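File shown here: input-v4.cif, holding mmCIF, C-alpha atoms.
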```cif
data_target
loop_
_atom_site.label_atom_id
_atom_site.label_comp_id
_atom_site.auth_asym_id
_atom_site.auth_seq_id
_atom_site.Cartn_x
_atom_site.Cartn_y
_atom_site.Cartn_z
CA MET A 278 16.37 11.96 -6.41
CA HIS A 279 19.95 12.74 -5.53
CA PRO A 280 21.89 10.37 -3.26
CA ASN A 281 21.54 12.35 -0.01
CA ASP A 282 17.84 13.23 -0.16
CA GLY A 283 17.00 10.87 2.69
CA PHE A 284 16.48 7.77 0.58
CA ARG A 285 18.76 5.00 -0.56
CA GLU A 286 17.80 3.01 -3.65
CA LEU A 287 17.83 -0.74 -2.96
CA ARG A 288 19.22 -3.34 -5.33
CA ARG A 289 16.97 -6.12 -6.61
CA GLN A 290 18.49 -8.73 -4.31
CA GLU A 291 18.13 -6.46 -1.27
CA CYS A 292 14.49 -5.90 -2.22
CA LEU A 293 13.77 -9.61 -2.49
CA ARG A 294 15.51 -10.34 0.81
CA LEU A 295 13.36 -7.71 2.55
CA LEU A 296 10.16 -8.94 0.85
CA ALA A 297 10.80 -12.44 2.19
CA LYS A 298 10.74 -11.07 5.75
CA VAL A 299 7.15 -9.74 5.75
CA PRO A 300 3.92 -11.75 5.68
CA PHE A 301 1.72 -9.40 3.71
CA GLY A 302 1.74 -6.58 1.20
CA ARG A 303 -0.66 -4.66 -1.01
CA ILE A 304 -1.72 -5.39 -4.53
CA VAL A 305 -2.17 -2.29 -6.66
CA TYR A 306 -4.34 -2.57 -9.75
CA THR A 307 -7.06 -0.89 -11.78
CA ARG A 308 -10.72 -1.49 -10.99
CA ARG A 309 -13.38 0.11 -13.18
CA ALA A 310 -10.77 2.55 -14.51
CA LEU A 311 -9.85 3.68 -10.97
CA PRO A 312 -6.69 2.95 -8.98
CA ALA A 313 -7.33 0.22 -6.42
CA VAL A 314 -5.27 -1.31 -3.63
CA LEU A 315 -5.87 -4.27 -1.34
CA PRO A 316 -3.75 -5.79 1.45
CA VAL A 317 -3.04 -9.49 0.93
CA ASN A 318 -0.75 -12.06 2.42
CA PHE A 319 1.71 -13.63 0.01
CA SER A 320 4.81 -15.72 -0.42
CA LEU A 321 7.70 -15.70 -2.88
CA ASP A 322 8.15 -18.56 -5.31
CA ALA A 323 11.61 -20.05 -6.00
CA ASP A 324 11.89 -17.81 -9.08
CA ASP A 325 10.96 -14.73 -6.99
CA ALA A 326 7.42 -14.43 -8.39
CA VAL A 327 4.93 -13.06 -5.84
CA LEU A 328 2.28 -15.67 -5.03
CA LEU A 329 -1.20 -14.81 -3.79
CA ARG A 330 -4.05 -17.17 -2.93
CA THR A 331 -7.59 -15.95 -3.18
CA ALA A 332 -11.21 -16.90 -3.90
CA ALA A 333 -11.68 -18.23 -7.44
CA GLY A 334 -14.56 -15.96 -8.40
CA SER A 335 -13.40 -12.82 -6.62
CA GLU A 336 -13.52 -9.34 -8.07
CA LEU A 337 -9.76 -9.16 -7.46
CA VAL A 338 -9.08 -12.16 -9.69
CA ARG A 339 -11.29 -10.80 -12.47
CA ALA A 340 -9.53 -7.43 -12.29
CA ILE A 341 -5.92 -8.61 -12.26
CA ASP A 342 -5.74 -11.81 -14.35
CA GLY A 343 -3.64 -10.88 -17.39
CA ALA A 344 -3.01 -7.30 -16.23
CA VAL A 345 0.21 -5.62 -15.16
CA VAL A 346 -0.03 -4.93 -11.44
CA ALA A 347 2.21 -3.63 -8.68
CA PHE A 348 2.75 -5.40 -5.38
CA GLU A 349 4.04 -3.31 -2.52
CA ALA A 350 5.38 -4.19 0.91
CA ASP A 351 7.00 -1.95 3.47
CA ASP A 352 8.17 -1.76 7.03
CA VAL A 353 8.25 1.79 8.36
CA ASP A 354 8.95 2.99 11.89
CA ALA A 355 7.05 6.26 12.05
CA ALA A 356 8.64 7.33 15.33
CA ARG A 357 12.15 6.98 13.89
CA GLN A 358 11.06 8.02 10.39
CA SER A 359 13.00 5.12 8.97
CA GLY A 360 12.20 1.94 7.10
CA TRP A 361 11.95 0.53 3.61
CA ASN A 362 9.51 -0.21 0.86
CA VAL A 363 9.67 -2.56 -2.11
CA VAL A 364 7.51 -2.68 -5.24
CA VAL A 365 7.30 -5.63 -7.64
CA THR A 366 5.72 -4.72 -10.99
CA GLY A 367 4.73 -7.30 -13.59
CA PRO A 368 1.90 -9.24 -15.18
CA ALA A 369 -0.44 -11.16 -12.88
CA THR A 370 -1.82 -14.51 -14.04
CA VAL A 371 -4.07 -17.07 -12.42
CA VAL A 372 -2.37 -20.47 -12.21
CA THR A 373 -4.47 -22.84 -14.34
CA ASP A 374 -2.07 -25.77 -14.72
CA PRO A 375 -3.30 -28.54 -12.34
CA ALA A 376 0.22 -29.77 -11.47
CA GLU A 377 1.36 -26.23 -10.71
CA HIS A 378 -1.79 -25.63 -8.62
CA GLU A 379 -1.05 -28.82 -6.72
CA ARG A 380 2.55 -27.77 -6.10
CA LEU A 381 1.46 -24.37 -4.82
CA SER A 382 -1.19 -25.98 -2.58
CA ARG A 383 1.73 -27.60 -0.77
CA THR A 384 4.32 -24.83 -0.95
CA GLY A 385 2.44 -21.59 -1.63
CA PRO A 386 0.74 -19.11 0.68
CA VAL A 387 -2.13 -20.11 2.98
CA SER A 388 -5.27 -17.95 2.87
CA TRP A 389 -6.04 -15.88 5.93
CA VAL A 390 -9.68 -15.97 4.89
CA PRO A 391 -10.22 -19.32 3.16
CA SER A 392 -12.79 -19.86 0.43
CA VAL A 393 -14.23 -23.12 -0.81
CA GLN A 394 -12.63 -22.62 -4.24
CA GLU A 395 -9.28 -20.92 -4.28
CA VAL A 396 -6.82 -20.01 -6.99
CA PHE A 397 -3.18 -18.98 -6.97
CA VAL A 398 -2.07 -15.82 -8.69
CA ARG A 399 1.52 -15.29 -9.82
CA ILE A 400 2.98 -11.82 -10.26
CA GLU A 401 6.10 -11.99 -12.42
CA PRO A 402 8.97 -9.99 -10.87
CA GLU A 403 9.78 -8.07 -14.06
CA LEU A 404 10.63 -4.89 -12.21
CA VAL A 405 11.73 -4.97 -8.57
CA THR A 406 12.47 -1.60 -6.99
CA GLY A 407 12.78 -0.38 -3.47
CA ARG A 408 14.21 2.25 -1.25
CA GLU A 409 15.30 2.72 2.28
CA LEU A 410 14.25 5.82 4.18
CA ILE A 411 17.22 6.92 6.22
CA GLY A 412 15.62 9.99 7.78
CA GLY A 413 16.01 13.60 6.73
CA ARG A 414 14.79 15.50 9.76
CA THR A 415 16.15 15.47 13.28
CA MET A 416 13.98 14.65 16.28
CA TYR A 417 13.61 18.36 16.98
CA GLY A 418 11.99 19.22 13.68
CA VAL A 419 15.00 21.13 12.33
CA ASP A 420 14.85 21.36 8.54
CA LEU A 421 18.28 20.04 7.55
CA THR A 422 18.00 21.37 4.03
CA ALA A 423 16.95 24.92 4.91
CA MET B 151 -18.48 -10.57 -0.37
CA HIS B 152 -21.06 -11.97 1.97
CA PRO B 153 -21.20 -10.78 5.59
CA ASN B 154 -19.40 -13.73 7.20
CA ASP B 155 -16.47 -14.14 4.82
CA GLY B 156 -13.99 -12.86 7.41
CA PHE B 157 -14.35 -9.19 6.57
CA ARG B 158 -16.57 -6.44 7.87
CA GLU B 159 -17.19 -3.41 5.67
CA LEU B 160 -16.47 -0.16 7.51
CA ARG B 161 -18.62 2.93 7.34
CA ARG B 162 -17.13 6.21 6.12
CA GLN B 163 -16.90 7.69 9.61
CA GLU B 164 -15.21 4.55 10.96
CA CYS B 165 -12.72 4.73 8.09
CA LEU B 166 -11.87 8.37 8.79
CA ARG B 167 -11.50 7.71 12.51
CA LEU B 168 -9.03 4.89 11.79
CA LEU B 169 -7.13 6.96 9.21
CA ALA B 170 -6.59 9.67 11.80
CA LYS B 171 -4.76 7.16 14.02
CA VAL B 172 -1.91 6.30 11.65
CA PRO B 173 0.98 8.55 10.57
CA PHE B 174 1.52 7.27 7.05
CA GLY B 175 -0.13 5.51 4.16
CA ARG B 176 0.51 4.76 0.51
CA ILE B 177 -0.41 6.79 -2.53
CA VAL B 178 -1.48 4.68 -5.50
CA TYR B 179 -1.28 6.24 -8.94
CA THR B 180 -0.26 5.67 -12.54
CA ARG B 181 3.30 6.35 -13.68
CA ARG B 182 4.21 5.90 -17.33
CA ALA B 183 1.04 3.82 -17.81
CA LEU B 184 2.03 1.42 -14.99
CA PRO B 185 0.52 1.10 -11.51
CA ALA B 186 2.71 2.80 -8.94
CA VAL B 187 2.64 3.04 -5.16
CA LEU B 188 4.68 5.06 -2.67
CA PRO B 189 4.54 5.27 1.15
CA VAL B 190 4.05 8.82 2.40
CA ASN B 191 3.20 10.48 5.68
CA PHE B 192 0.01 12.51 5.69
CA SER B 193 -2.60 14.28 7.73
CA LEU B 194 -6.34 14.81 7.38
CA ASP B 195 -7.72 18.28 6.75
CA ALA B 196 -10.84 19.54 8.58
CA ASP B 197 -12.96 18.49 5.57
CA ASP B 198 -11.38 14.99 5.60
CA ALA B 199 -9.19 15.58 2.53
CA VAL B 200 -5.89 13.68 2.69
CA LEU B 201 -2.95 16.11 2.82
CA LEU B 202 0.53 15.24 1.61
CA ARG B 203 3.63 17.46 1.58
CA THR B 204 6.35 16.77 -0.93
CA ALA B 205 9.09 18.30 -3.08
CA ALA B 206 7.73 20.80 -5.59
CA GLY B 207 9.41 19.33 -8.66
CA SER B 208 9.05 15.67 -7.76
CA GLU B 209 8.02 12.93 -10.15
CA LEU B 210 5.17 12.17 -7.74
CA VAL B 211 3.72 15.67 -8.06
CA ARG B 212 3.95 15.61 -11.85
CA ALA B 213 2.22 12.22 -11.95
CA ILE B 214 -0.68 12.92 -9.59
CA ASP B 215 -1.60 16.61 -9.99
CA GLY B 216 -5.09 16.57 -11.53
CA ALA B 217 -5.37 12.76 -11.56
CA VAL B 218 -7.67 10.49 -9.60
CA VAL B 219 -5.55 8.57 -7.10
CA ALA B 220 -6.09 6.17 -4.23
CA PHE B 221 -4.61 6.62 -0.80
CA GLU B 222 -4.38 3.53 1.38
CA ALA B 223 -3.58 3.00 5.04
CA ASP B 224 -3.80 -0.13 7.09
CA ASP B 225 -2.90 -1.68 10.40
CA VAL B 226 -2.64 -5.45 10.23
CA ASP B 227 -1.48 -7.87 12.91
CA ALA B 228 -0.15 -10.78 10.88
CA ALA B 229 0.16 -13.08 13.87
CA ARG B 230 -3.52 -12.62 14.77
CA GLN B 231 -4.58 -12.25 11.13
CA SER B 232 -6.65 -9.27 12.09
CA GLY B 233 -6.65 -5.58 11.33
CA TRP B 234 -8.15 -3.02 9.00
CA ASN B 235 -7.50 -1.11 5.83
CA VAL B 236 -8.96 2.09 4.44
CA VAL B 237 -8.81 3.52 0.93
CA VAL B 238 -9.62 7.13 -0.02
CA THR B 239 -10.17 7.62 -3.76
CA GLY B 240 -10.46 11.03 -5.39
CA PRO B 241 -8.72 13.69 -7.45
CA ALA B 242 -5.33 14.93 -6.26
CA THR B 243 -4.44 18.58 -6.72
CA VAL B 244 -1.43 20.66 -5.79
CA VAL B 245 -2.39 23.57 -3.53
CA THR B 246 -1.51 26.74 -5.46
CA ASP B 247 -3.41 29.36 -3.45
CA PRO B 248 -0.81 31.23 -1.31
CA ALA B 249 -3.16 31.71 1.66
CA GLU B 250 -4.08 28.03 1.62
CA HIS B 251 -0.40 27.08 1.34
CA GLU B 252 0.34 29.30 4.30
CA ARG B 253 -2.48 27.74 6.35
CA LEU B 254 -1.22 24.23 5.58
CA SER B 255 2.36 25.23 6.43
CA ARG B 256 1.06 25.80 9.94
CA THR B 257 -1.51 23.01 10.24
CA GLY B 258 -0.64 20.42 7.58
CA PRO B 259 1.76 17.47 7.60
CA VAL B 260 5.49 17.93 8.17
CA SER B 261 7.86 16.29 5.67
CA TRP B 262 9.92 13.38 6.89
CA VAL B 263 12.41 14.22 4.18
CA PRO B 264 12.28 18.00 3.75
CA SER B 265 13.05 19.72 0.45
CA VAL B 266 13.91 23.36 -0.14
CA GLN B 267 10.69 23.90 -2.11
CA GLU B 268 7.68 21.97 -0.93
CA VAL B 269 4.08 21.80 -2.04
CA PHE B 270 0.94 20.44 -0.44
CA VAL B 271 -1.24 17.97 -2.28
CA ARG B 272 -4.91 17.50 -1.42
CA ILE B 273 -6.74 14.26 -2.18
CA GLU B 274 -10.48 14.84 -2.13
CA PRO B 275 -12.27 12.13 -0.10
CA GLU B 276 -14.86 11.37 -2.79
CA LEU B 277 -14.92 7.67 -2.02
CA VAL B 278 -13.89 6.37 1.40
CA THR B 279 -14.01 2.60 1.83
CA GLY B 280 -12.52 0.20 4.30
CA ARG B 281 -12.83 -3.17 5.85
CA GLU B 282 -11.91 -4.94 9.00
CA LEU B 283 -10.33 -8.38 8.82
CA ILE B 284 -11.85 -10.42 11.61
CA GLY B 285 -9.99 -13.65 10.88
CA GLY B 286 -11.20 -16.65 8.99
CA ARG B 287 -8.80 -19.39 9.94
CA THR B 288 -8.00 -20.81 13.36
CA MET B 289 -4.46 -21.00 14.69
CA TYR B 290 -4.29 -24.63 13.65
CA GLY B 291 -4.86 -24.03 9.96
CA VAL B 292 -8.31 -25.59 9.90
CA ASP B 293 -10.27 -24.36 6.89
CA LEU B 294 -13.48 -23.14 8.52
CA THR B 295 -15.35 -23.02 5.24
CA ALA B 296 -14.45 -26.52 4.02
#
```

Could the structure of this file be written out as structure tokens, please?
Amino acid sequence: MHPNDGFRELRRQECLRLLAKVPFGRIVYTRRALPAVLPVNFSLDADDAVLLRTAAGSELVRAIDGAVVAFEADDVDAARQSGWNVVVTGPATVVTDPAEHERLSRTGPVSWVPSVQEVFVRIEPELVTGRELIGGRTMYGVDLTA
Amino acid sequence: MHPNDGFRELRRQECLRLLAKVPFGRIVYTRRALPAVLPVNFSLDADDAVLLRTAAGSELVRAIDGAVVAFEADDVDAARQSGWNVVVTGPATVVTDPAEHERLSRTGPVSWVPSVQEVFVRIEPELVTGRELIGGRTMYGVDLTA
């Protein structure tokens, strides 16, 4: 993409600042060799890892533990055709250390749909990318690039 | 998932009805062997295929033409912890037939960020799944399943 194609690339710190403002995103992974995506609430750890909390025996946990996944969040105003999106890509791992689990029980995300047995999943922020949509078309549908 | 875990599975027709109400979603695919996700505006064709319109030479087109992809849309109210999400999974193909391209130029989605050369991409609605989040936790953080 060239600089004036309607998008602005966001720096890592901008991405993380925007991520911290939204309560949920979407985890993108592979399920039975097919692309899969699921909305989940989350929080950011002090080291910028994405933290999820979910049922211990869930299909999601089985599919993502040890795999590289993407986590996406966005905030788009369709009427103004503006907004942003951020993607964190990195390995997902279930937190098995009891002390770490205990810490996250106090400081981590709270399930919207609680289960009896829950686990925390960390997504390492190896790659953090994002872009801002700054609008390419006027309100009157004029193609600015024609 | 069992029926009262806070989610309700949506039927295909419910999913398609909800999809038709939102202006954009997220295409989920594989890029350089990594999971990738990108917000895009879209429309539904008469046969329920998801239609995207994007730059002819884009990285997105190269990555998804001929591949099975997922397309996700959702509408979640974080404060009420309620909402829905829908995922369409199927093969994506660039529309190469000139008559079909011409038809979609009139009836298909309009780019938010127009390019000089644009193509339409169809995602066949082979698998259409969705669920409604009906809330599992009260406002006071009481774990209803404990």

Pull out every residue that the PyMOL selection byres ((chain A and resi 305) around 8) matches in the shown coordinates and put them as a list in words. Arg303, Ile304, Tyr306, Thr307, Pro312, Ala313, Val314, Leu315, Val346, Ala347, Phe348 and Glu349 of chain A; Val178, Pro185, Ala186 and Val187 of chain B

Quick one: distance from atom CA of Thr239 of chain B to atom CA of Asn362 of chain A in Å, one decimal? 21.7 Å

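Remark: for chain A, the closest of the candidate residues B:Asn191, B:Thr204, B:Gln163, B:Thr246 is B:Asn191 (distances computed over only C-alpha atoms).
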
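Each of B:Glu274, B:Glu164, B:Glu209, B:Glu250 was compared to chain A using all atoms listed in the file, and B:Glu209 turns out to be the nearest.
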
Non-local contacts of Ile273 of chain B (9 Å; all atoms listed in the file; under 2 positions in same chain excluded) as an MDAnalysis selection string: chainID B and resid 199:202 218:221 238:243 271 275:276
